[in-house]
file protein.cif (mmCIF, C-alpha atoms)
data_coords
loop_
_atom_site.label_atom_id
_atom_site.label_comp_id
_atom_site.auth_asym_id
_atom_site.auth_seq_id
_atom_site.Cartn_x
_atom_site.Cartn_y
_atom_site.Cartn_z
CA MET A 15 0.00 0.00 0.00
CA ALA A 16 0.99 3.64 -0.32
CA THR A 17 3.01 4.90 2.65
CA LEU A 18 3.60 8.61 1.97
CA PRO A 19 0.79 10.64 3.56
CA PRO A 20 -0.77 13.69 1.91
CA GLY A 21 1.44 16.73 2.33
CA THR A 22 4.76 14.84 2.09
CA ILE A 23 7.36 16.73 0.05
CA VAL A 24 8.98 14.62 -2.66
CA ASP A 25 10.98 14.73 -5.87
CA LEU A 26 10.90 12.50 -8.94
CA SER A 27 13.31 9.59 -8.98
CA GLU A 28 16.04 9.66 -11.60
CA TYR A 29 14.16 6.99 -13.54
CA ALA A 30 10.88 8.95 -13.51
CA ALA A 31 12.64 12.09 -14.71
CA GLU A 32 14.05 10.09 -17.64
CA VAL A 33 10.86 8.37 -18.83
CA LEU A 34 7.89 10.68 -18.17
CA ARG A 35 6.65 12.69 -21.16
CA PHE A 36 4.79 15.30 -19.13
CA LEU A 37 7.30 16.49 -16.56
CA PRO A 38 6.64 18.98 -13.76
CA PRO A 39 8.42 22.33 -13.53
CA ASP A 40 11.62 22.46 -11.50
CA GLY A 41 11.07 22.39 -7.77
CA ASP A 42 9.71 20.15 -5.06
CA LEU A 43 6.50 18.17 -5.43
CA VAL A 44 3.91 17.35 -2.79
CA VAL A 45 1.83 14.21 -2.25
CA VAL A 46 -1.88 14.94 -2.71
CA VAL A 47 -3.22 11.38 -2.76
CA HIS A 48 -6.63 10.61 -1.25
CA PRO A 49 -6.00 9.43 2.34
CA SER A 50 -7.85 6.17 1.63
CA ALA A 51 -4.99 5.14 -0.65
CA LEU A 52 -2.94 4.55 2.50
CA HIS A 53 -5.22 1.58 3.24
CA ALA A 54 -5.27 0.04 -0.24
CA ALA A 55 -3.50 -3.30 -0.13
CA ARG A 56 -1.27 -4.37 -3.03
CA SER A 57 -1.03 -0.84 -4.46
CA THR A 58 1.69 1.77 -3.98
CA HIS A 59 -0.12 4.23 -6.24
CA THR A 60 -0.11 7.90 -5.25
CA GLN A 61 -0.71 11.37 -6.69
CA VAL A 62 1.72 14.26 -6.59
CA ALA A 63 1.46 17.92 -7.52
CA HIS A 64 3.65 20.92 -8.22
CA LEU A 65 2.39 23.97 -6.36
CA SER A 66 3.85 27.47 -6.26
CA GLU A 67 2.70 30.98 -5.47
CA ILE A 68 0.75 30.81 -8.76
CA GLY A 69 -1.07 27.67 -7.65
CA LEU A 70 -1.29 24.20 -9.17
CA SER A 71 0.88 23.82 -12.28
CA TRP A 72 1.27 20.02 -12.57
CA LEU A 73 -0.43 16.87 -11.34
CA GLY A 74 0.70 13.28 -11.86
CA ALA A 75 -0.32 9.78 -10.79
CA LEU A 76 2.63 7.52 -10.04
CA ASP A 77 3.79 4.64 -7.92
CA GLU A 78 5.82 5.63 -4.90
CA ASP A 79 8.89 3.91 -6.37
CA MET A 80 9.06 6.79 -8.87
CA LEU A 81 9.47 9.28 -6.01
CA VAL A 82 12.09 10.27 -3.44
CA ALA A 83 10.80 11.59 -0.12
CA LEU A 84 12.55 14.76 1.05
CA ASP A 85 13.32 15.91 4.57
CA ALA A 86 11.10 18.97 4.49
CA GLU A 87 8.09 20.32 6.35
CA SER A 88 4.85 18.88 4.99
CA ASP A 89 2.21 20.96 3.21
CA ALA A 90 -1.12 20.29 4.91
CA ASP A 91 -3.06 22.53 2.50
CA ALA A 92 -1.88 20.93 -0.74
CA ARG A 93 -4.97 18.76 -1.38
CA ALA A 94 -7.28 21.73 -0.86
CA ASP A 95 -5.20 23.86 -3.22
CA CYS A 96 -5.56 21.18 -5.90
CA ALA A 97 -9.27 20.64 -5.23
CA ALA A 98 -10.06 24.18 -6.31
CA CYS A 99 -8.88 23.37 -9.85
CA PHE A 100 -11.28 20.50 -10.52
CA LEU A 101 -14.56 21.06 -12.40
CA GLN A 102 -13.15 24.34 -13.75
CA GLY A 103 -12.09 25.59 -17.17
CA ALA A 104 -13.46 26.26 -20.62
CA ARG A 105 -12.63 22.72 -21.82
CA LEU A 106 -14.35 20.81 -19.04
CA TRP A 107 -15.88 17.50 -20.27
CA GLU A 108 -13.86 17.33 -23.49
CA VAL A 109 -12.30 13.98 -24.47
CA VAL A 110 -8.61 13.95 -25.41
CA ARG A 111 -6.09 11.26 -26.38
CA PRO A 112 -2.70 12.19 -24.89
CA GLY A 113 -0.94 9.01 -25.98
CA ALA A 114 1.58 7.26 -23.76
CA LEU A 115 2.66 8.92 -20.53
CA VAL A 116 6.22 7.64 -20.97
CA VAL A 117 8.76 8.09 -23.72
CA PRO A 118 9.22 5.37 -26.36
CA ASP A 119 11.66 2.62 -25.40
CA ALA A 120 11.59 3.46 -21.70
CA PRO A 121 14.43 1.46 -20.09
CA ARG A 122 12.01 -0.72 -18.10
CA ALA A 123 8.28 -1.15 -17.60
CA PRO A 124 6.81 2.12 -16.29
CA SER A 125 5.28 2.05 -12.83
CA THR A 126 2.39 4.30 -13.67
CA VAL A 127 -0.71 2.27 -14.50
CA TYR A 128 -1.64 4.04 -17.72
CA GLY A 129 1.91 4.78 -18.83
CA GLY A 130 1.90 2.81 -22.07
CA SER A 131 -1.68 3.31 -23.22
CA ASP A 132 -1.18 5.01 -26.58
CA GLN A 133 -4.81 5.26 -27.69
CA ARG A 134 -6.70 5.54 -24.40
CA PRO A 135 -9.29 8.35 -24.21
CA TRP A 136 -9.20 10.73 -21.24
CA ILE A 137 -11.87 13.11 -19.93
CA VAL A 138 -11.00 16.70 -19.02
CA ILE A 139 -12.14 17.22 -15.43
CA GLY A 140 -10.54 20.57 -14.60
CA GLU A 141 -7.78 23.07 -15.31
CA THR A 142 -4.55 23.94 -13.53
CA ASP A 143 -3.91 27.47 -12.32
CA THR A 144 -1.44 27.80 -15.19
CA GLY A 145 -4.01 26.86 -17.84
CA ASP A 146 -3.20 23.21 -18.56
CA LEU A 147 -5.84 20.48 -18.65
CA LEU A 148 -6.61 18.17 -15.75
CA ALA A 149 -7.78 14.85 -17.17
CA ALA A 150 -8.56 11.32 -16.01
CA PRO A 151 -8.31 8.16 -18.13
CA LEU A 152 -11.27 6.02 -19.16
CA ASN A 153 -11.19 2.32 -18.43
CA ASP A 154 -13.49 -0.66 -18.99
CA ALA A 155 -16.47 -0.43 -16.64
CA SER A 156 -15.57 -3.73 -14.99
CA ASN A 157 -14.88 -2.70 -11.39
CA PRO A 158 -16.81 0.49 -10.56
CA LYS A 159 -16.29 2.12 -7.18
CA TRP A 160 -17.26 5.49 -5.78
CA TRP A 161 -14.03 7.02 -7.15
CA THR A 162 -14.48 5.40 -10.59
CA PRO A 163 -17.85 6.72 -11.81
CA VAL A 164 -19.34 4.99 -14.86
CA VAL A 165 -20.30 6.96 -17.97
CA PRO A 166 -22.88 5.33 -20.27
CA ARG A 167 -21.85 4.69 -23.84
CA ALA A 168 -24.55 7.09 -25.05
CA ALA A 169 -22.93 9.94 -23.08
CA LEU A 170 -19.45 9.45 -24.60
CA SER A 171 -19.30 11.22 -27.93
CA PHE A 172 -16.00 10.50 -29.67
CA PRO A 173 -14.87 8.40 -32.64
CA GLY A 174 -14.50 4.69 -31.94
CA ASN A 175 -16.48 4.60 -28.71
CA VAL A 176 -18.34 1.28 -28.38
CA LYS A 177 -18.86 0.78 -24.64
CA GLU A 178 -19.62 2.36 -21.30
CA SER A 179 -16.51 3.33 -19.35
CA GLN A 180 -15.42 4.26 -15.86
CA VAL A 181 -13.43 7.38 -15.07
CA GLU A 182 -10.25 6.65 -13.10
CA LEU A 183 -10.12 9.70 -10.81
CA ALA A 184 -7.15 8.34 -8.85
CA HIS A 185 -5.05 8.50 -12.04
CA ALA A 186 -5.62 12.14 -12.98
CA TRP A 187 -2.84 13.99 -14.80
CA SER A 188 -2.21 17.49 -16.04
CA LEU A 189 -1.86 17.60 -19.82
CA PRO A 190 -0.74 20.40 -22.16
CA ALA A 191 -3.44 22.91 -23.07
CA SER A 192 -2.44 22.50 -26.71
CA MET A 193 -3.87 18.97 -26.76
CA ALA A 194 -6.69 18.64 -29.30
CA SER A 195 -10.20 17.57 -28.38
CA VAL A 196 -11.61 14.41 -29.99
CA GLY A 197 -15.08 14.54 -28.45
CA GLU A 198 -16.97 15.17 -25.23
CA VAL A 199 -18.97 13.79 -22.36
CA THR A 200 -22.55 14.85 -23.11
CA PRO A 201 -24.75 16.30 -20.34
CA LEU A 202 -26.34 12.86 -19.86
CA GLY A 203 -23.15 11.53 -18.30
CA ARG A 204 -21.81 14.52 -16.40
CA GLY A 205 -23.83 14.45 -13.20
CA ALA A 206 -22.49 11.20 -11.75
CA VAL A 207 -18.91 12.12 -12.63
CA GLU A 208 -19.25 15.57 -11.10
CA ARG A 209 -20.60 14.14 -7.84
CA ALA A 210 -17.77 11.62 -7.68
CA ILE A 211 -15.14 14.32 -8.35
CA ARG A 212 -16.53 16.55 -5.58
CA ALA A 213 -16.43 13.64 -3.13
CA TYR A 214 -12.95 12.56 -4.24
CA VAL A 215 -11.25 15.94 -3.94
CA ALA A 216 -13.00 16.75 -0.65
CA GLY A 217 -11.72 13.59 1.07
#
call {"tool": "encode", "arguments": {"input": "protein.cif", "output": "structure tokens"}}
result
Amino acid sequence: MATLPPGTIVDLSEYAAEVLRFLPPDGDLVVVVHPSALHAARSTHTQVAHLSEIGLSWLGALDEDMLVALDAESDADARADCAACFLQGARLWEVVRPGALVVPDAPRAPSTVYGGSDQRPWIVIGETDTGDLLAAPLNDASNPKWWTPVVPRAALSFPGNVKESQVELAHAWSLPASMASVGEVTPLGRGAVERAIRAYVAG
């Protein structure tokens, strides 16, 4: 299970800095994982953010083995600072396809769950304070939980969609604002996702 509590100051490991496509700005990162992740057996997944006087500029979902904990005072307000960026922005509910989260020919298997998913669609669920997209990946609706709300097929309007999907809120990333839209979540599917996001970021 994850062991680094929310507010812990960290840096990327040397490996993570080599393989991630969407890197944070220079400076320390802070763990902003939902506290329940500290009780999830068999998973060392966490979420980390880059925060500055401007606000949230980067968010990533990684395993703890891609991080190095630093000897620094924790940031108890970091989750709340990130929460304010969800369900915001002019591109809320768009669908994008960012491609793989890691560079081609990464030296070993990436320890971020969606690292190698080249064609996976993601839903825009917010915007950073610096104007980038906050997005969460779609997955097969095979194991829905309160933090993985299901969107009906009819509410997912993008080329190639053939099934209902669940939104993996625990794997949210910030993505470049230049990323093109390929579709949207229609109003039919937004309510359940919005409720789940509000509960997730408030926890």
call {"tool": "resolve_selection", "arguments": {"input": "protein.cif", "expression": "the PyMOL selection byres ((chain A and resi 37-43) around 12)", "output": "PyMOL selection string"}}
result
chain A and resi 20-27+30-36+44-46+61-66+70-75+81-89+92+115-117+144+146+187-190
call {"tool": "write_last_selection", "arguments": {"input": "protein.cif", "atoms": "C-alpha atoms", "output": "compact mmCIF listing (two decimals), in the coordinates of the input"}}
result
# COMPACT_ATOMS: atom_id res chain seq x y z
CA PRO A 20 -0.77 13.69 1.91
CA GLY A 21 1.44 16.73 2.33
CA THR A 22 4.76 14.84 2.09
CA ILE A 23 7.36 16.73 0.05
CA VAL A 24 8.98 14.62 -2.66
CA ASP A 25 10.98 14.73 -5.87
CA LEU A 26 10.90 12.50 -8.94
CA SER A 27 13.31 9.59 -8.98
CA ALA A 30 10.88 8.95 -13.51
CA ALA A 31 12.64 12.09 -14.71
CA GLU A 32 14.05 10.09 -17.64
CA VAL A 33 10.86 8.37 -18.83
CA LEU A 34 7.89 10.68 -18.17
CA ARG A 35 6.65 12.69 -21.16
CA PHE A 36 4.79 15.30 -19.13
CA VAL A 44 3.91 17.35 -2.79
CA VAL A 45 1.83 14.21 -2.25
CA VAL A 46 -1.88 14.94 -2.71
CA GLN A 61 -0.71 11.37 -6.69
CA VAL A 62 1.72 14.26 -6.59
CA ALA A 63 1.46 17.92 -7.52
CA HIS A 64 3.65 20.92 -8.22
CA LEU A 65 2.39 23.97 -6.36
CA SER A 66 3.85 27.47 -6.26
CA LEU A 70 -1.29 24.20 -9.17
CA SER A 71 0.88 23.82 -12.28
CA TRP A 72 1.27 20.02 -12.57
CA LEU A 73 -0.43 16.87 -11.34
CA GLY A 74 0.70 13.28 -11.86
CA ALA A 75 -0.32 9.78 -10.79
CA LEU A 81 9.47 9.28 -6.01
CA VAL A 82 12.09 10.27 -3.44
CA ALA A 83 10.80 11.59 -0.12
CA LEU A 84 12.55 14.76 1.05
CA ASP A 85 13.32 15.91 4.57
CA ALA A 86 11.10 18.97 4.49
CA GLU A 87 8.09 20.32 6.35
CA SER A 88 4.85 18.88 4.99
CA ASP A 89 2.21 20.96 3.21
CA ALA A 92 -1.88 20.93 -0.74
CA LEU A 115 2.66 8.92 -20.53
CA VAL A 116 6.22 7.64 -20.97
CA VAL A 117 8.76 8.09 -23.72
CA THR A 144 -1.44 27.80 -15.19
CA ASP A 146 -3.20 23.21 -18.56
CA TRP A 187 -2.84 13.99 -14.80
CA SER A 188 -2.21 17.49 -16.04
CA LEU A 189 -1.86 17.60 -19.82
CA PRO A 190 -0.74 20.40 -22.16
call {"tool": "closest_residue", "arguments": {"input": "protein.cif", "among": "A:Arg122, A:Ala149, A:Val47, A:Ile139", "to": "Ile211 in chain A", "atoms": "all atoms listed in the file"}}
result
A:Ile139
call {"tool": "closest_residue", "arguments": {"input": "protein.cif", "among": "A:Arg111, A:Arg212, A:Arg56, A:Arg204", "to": "Leu183 in chain A", "atoms": "all atoms listed in the file"}}
result
A:Arg212
call {"tool": "resolve_selection", "arguments": {"input": "protein.cif", "expression": "the PyMOL selection byres ((chain A and resi 181) around 10)", "output": "list in words"}}
result
Trp136, Ile137, Ile139, Ala149, Ala150, Pro151, Leu152, Asn153, Asp154, Ala155, Pro158, Lys159, Trp161, Thr162, Pro163, Val164, Val165, Ser179, Gln180, Glu182, Leu183, Ala184, His185, Ala186, Val207, Ala210 and Ile211 of chain A
call {"tool": "atom_distance", "arguments": {"input": "protein.cif", "atom1": "CA of Gly217 in chain A", "atom2": "CA of Asp143 in chain A"}}
result
20.8 Å
call {"tool": "closest_residue", "arguments": {"input": "protein.cif", "among": "A:Gln102, A:Asn175, A:Thr17, A:Thr58", "to": "Glu208 in chain A", "atoms": "all atoms listed in the file"}}
result
A:Gln102
call {"tool": "atom_distance", "arguments": {"input": "protein.cif", "atom1": "CA of Met193 in chain A", "atom2": "CA of Pro135 in chain A"}}
result
12.2 Å
call {"tool": "closest_residue", "arguments": {"input": "protein.cif", "among": "A:Asn157, A:Ser50, A:Ser171, A:Ser131", "to": "Gly197 in chain A", "atoms": "all atoms listed in the file"}}
result
A:Ser171
call {"tool": "closest_residue", "arguments": {"input": "protein.cif", "among": "A:Pro166, A:Gly103, A:Gly145, A:Gly174", "to": "Val199 in chain A", "atoms": "only C-alpha atoms"}}
result
A:Pro166
call {"tool": "atom_distance", "arguments": {"input": "protein.cif", "atom1": "CA of Cys99 in chain A", "atom2": "CA of Leu170 in chain A"}}
result
22.9 Å
call {"tool": "closest_residue", "arguments": {"input": "protein.cif", "among": "A:Ala206, A:Leu147, A:Ala169, A:Leu76", "to": "Ser57 in chain A", "atoms": "all atoms listed in the file"}}
result
A:Leu76
call {"tool": "resolve_selection", "arguments": {"input": "protein.cif", "expression": "the PyMOL selection byres ((chain A and resi 177) around 6)", "output": "PDB file with C-alpha atoms, in the frame of the given file"}}
result
ATOM      1  CA  ARG A 167     -21.850   4.690 -23.840  1.00  0.00           C
ATOM      2  CA  VAL A 176     -18.340   1.280 -28.380  1.00  0.00           C
ATOM      3  CA  GLU A 178     -19.620   2.360 -21.300  1.00  0.00           C
TER       4      GLU A 178
END
call {"tool": "residues_around", "arguments": {"input": "protein.cif", "residues": "Gln133 in chain A", "least_positions_apart": "5", "cutoff": "8 Å", "atoms": "only C-alpha atoms", "output": "JSON, numbers by chain"}}
result
{"A": [111, 112, 113, 114]}
call {"tool": "decode", "arguments": {"input": "protein.cif", "residues": "range 31-43 of chain A", "atoms": "all heavy atoms", "output": "mmCIF file, in the first residue's frame"}}
result
data_model
loop_
_atom_site.group_PDB
_atom_site.id
_atom_site.type_symbol
_atom_site.label_atom_id
_atom_site.label_comp_id
_atom_site.auth_asym_id
_atom_site.auth_seq_id
_atom_site.Cartn_x
_atom_site.Cartn_y
_atom_site.Cartn_z
ATOM 1 N N ALA A 31 12.248 10.895 -13.959
ATOM 2 C CA ALA A 31 12.644 12.085 -14.709
ATOM 3 C C ALA A 31 13.105 11.742 -16.118
ATOM 4 O O ALA A 31 13.000 12.568 -17.032
ATOM 5 C CB ALA A 31 13.750 12.832 -13.961
ATOM 6 N N GLU A 32 13.590 10.509 -16.320
ATOM 7 C CA GLU A 32 14.051 10.086 -17.643
ATOM 8 C C GLU A 32 12.906 9.651 -18.554
ATOM 9 O O GLU A 32 12.966 9.854 -19.761
ATOM 10 C CB GLU A 32 15.036 8.917 -17.503
ATOM 11 C CG GLU A 32 16.390 9.295 -16.942
ATOM 12 C CD GLU A 32 17.276 8.067 -16.784
ATOM 13 O OE1 GLU A 32 16.786 6.933 -17.016
ATOM 14 O OE2 GLU A 32 18.448 8.232 -16.429
ATOM 15 N N VAL A 33 11.855 9.032 -17.976
ATOM 16 C CA VAL A 33 10.860 8.368 -18.829
ATOM 17 C C VAL A 33 9.538 9.112 -18.984
ATOM 18 O O VAL A 33 8.805 8.865 -19.945
ATOM 19 C CB VAL A 33 10.576 6.929 -18.335
ATOM 20 C CG1 VAL A 33 11.846 6.114 -18.278
ATOM 21 C CG2 VAL A 33 9.855 6.928 -16.995
ATOM 22 N N LEU A 34 9.199 10.015 -18.086
ATOM 23 C CA LEU A 34 7.895 10.676 -18.175
ATOM 24 C C LEU A 34 7.876 11.700 -19.306
ATOM 25 O O LEU A 34 8.812 12.489 -19.463
ATOM 26 C CB LEU A 34 7.550 11.363 -16.856
ATOM 27 C CG LEU A 34 7.279 10.449 -15.663
ATOM 28 C CD1 LEU A 34 6.990 11.282 -14.429
ATOM 29 C CD2 LEU A 34 6.120 9.489 -15.946
ATOM 30 N N ARG A 35 6.802 11.695 -20.087
ATOM 31 C CA ARG A 35 6.651 12.686 -21.160
ATOM 32 C C ARG A 35 6.226 14.036 -20.622
ATOM 33 O O ARG A 35 6.654 15.075 -21.129
ATOM 34 C CB ARG A 35 5.601 12.204 -22.168
ATOM 35 C CG ARG A 35 6.067 11.120 -23.121
ATOM 36 C CD ARG A 35 4.951 10.758 -24.087
ATOM 37 N NE ARG A 35 4.514 11.928 -24.864
ATOM 38 C CZ ARG A 35 3.262 12.124 -25.264
ATOM 39 N NH1 ARG A 35 2.315 11.258 -24.948
ATOM 40 N NH2 ARG A 35 2.955 13.179 -25.979
ATOM 41 N N PHE A 36 5.351 14.055 -19.640
ATOM 42 C CA PHE A 36 4.793 15.302 -19.125
ATOM 43 C C PHE A 36 5.413 15.582 -17.756
ATOM 44 O O PHE A 36 4.875 15.194 -16.716
ATOM 45 C CB PHE A 36 3.271 15.213 -19.035
ATOM 46 C CG PHE A 36 2.627 14.805 -20.334
ATOM 47 C CD1 PHE A 36 1.947 13.606 -20.443
ATOM 48 C CD2 PHE A 36 2.710 15.625 -21.454
ATOM 49 C CE1 PHE A 36 1.348 13.228 -21.639
ATOM 50 C CE2 PHE A 36 2.123 15.254 -22.656
ATOM 51 C CZ PHE A 36 1.440 14.051 -22.753
ATOM 52 N N LEU A 37 6.539 16.265 -17.780
ATOM 53 C CA LEU A 37 7.301 16.494 -16.560
ATOM 54 C C LEU A 37 6.841 17.752 -15.830
ATOM 55 O O LEU A 37 6.379 18.719 -16.463
ATOM 56 C CB LEU A 37 8.787 16.627 -16.895
ATOM 57 C CG LEU A 37 9.495 15.336 -17.312
ATOM 58 C CD1 LEU A 37 10.851 15.649 -17.930
ATOM 59 C CD2 LEU A 37 9.654 14.405 -16.108
ATOM 60 N N PRO A 38 6.982 17.775 -14.509
ATOM 61 C CA PRO A 38 6.640 18.982 -13.757
ATOM 62 C C PRO A 38 7.704 20.053 -13.927
ATOM 63 O O PRO A 38 8.825 19.772 -14.362
ATOM 64 C CB PRO A 38 6.609 18.485 -12.316
ATOM 65 C CG PRO A 38 7.591 17.356 -12.308
ATOM 66 C CD PRO A 38 7.442 16.680 -13.657
ATOM 67 N N PRO A 39 7.378 21.294 -13.573
ATOM 68 C CA PRO A 39 8.416 22.334 -13.530
ATOM 69 C C PRO A 39 9.469 21.985 -12.469
ATOM 70 O O PRO A 39 9.257 21.111 -11.626
ATOM 71 C CB PRO A 39 7.635 23.602 -13.120
ATOM 72 C CG PRO A 39 6.202 23.282 -13.376
ATOM 73 C CD PRO A 39 6.057 21.800 -13.197
ATOM 74 N N ASP A 40 10.582 22.658 -12.525
ATOM 75 C CA ASP A 40 11.618 22.459 -11.503
ATOM 76 C C ASP A 40 11.063 22.834 -10.133
ATOM 77 O O ASP A 40 10.266 23.761 -9.991
ATOM 78 C CB ASP A 40 12.838 23.323 -11.807
ATOM 79 C CG ASP A 40 13.600 22.825 -13.032
ATOM 80 O OD1 ASP A 40 13.469 21.631 -13.366
ATOM 81 O OD2 ASP A 40 14.308 23.648 -13.643
ATOM 82 N N GLY A 41 11.506 22.108 -9.136
ATOM 83 C CA GLY A 41 11.073 22.394 -7.770
ATOM 84 C C GLY A 41 10.458 21.176 -7.123
ATOM 85 O O GLY A 41 10.170 20.165 -7.774
ATOM 86 N N ASP A 42 10.252 21.272 -5.819
ATOM 87 C CA ASP A 42 9.714 20.146 -5.064
ATOM 88 C C ASP A 42 8.263 19.858 -5.450
ATOM 89 O O ASP A 42 7.522 20.745 -5.906
ATOM 90 C CB ASP A 42 9.782 20.442 -3.558
ATOM 91 C CG ASP A 42 11.211 20.553 -3.057
ATOM 92 O OD1 ASP A 42 12.129 20.099 -3.771
ATOM 93 O OD2 ASP A 42 11.394 21.108 -1.957
ATOM 94 N N LEU A 43 7.875 18.613 -5.234
ATOM 95 C CA LEU A 43 6.504 18.169 -5.431
ATOM 96 C C LEU A 43 5.907 17.819 -4.068
ATOM 97 O O LEU A 43 6.624 17.643 -3.082
ATOM 98 C CB LEU A 43 6.477 16.939 -6.342
ATOM 99 C CG LEU A 43 7.190 17.075 -7.687
ATOM 100 C CD1 LEU A 43 7.196 15.730 -8.410
ATOM 101 C CD2 LEU A 43 6.533 18.152 -8.540
#
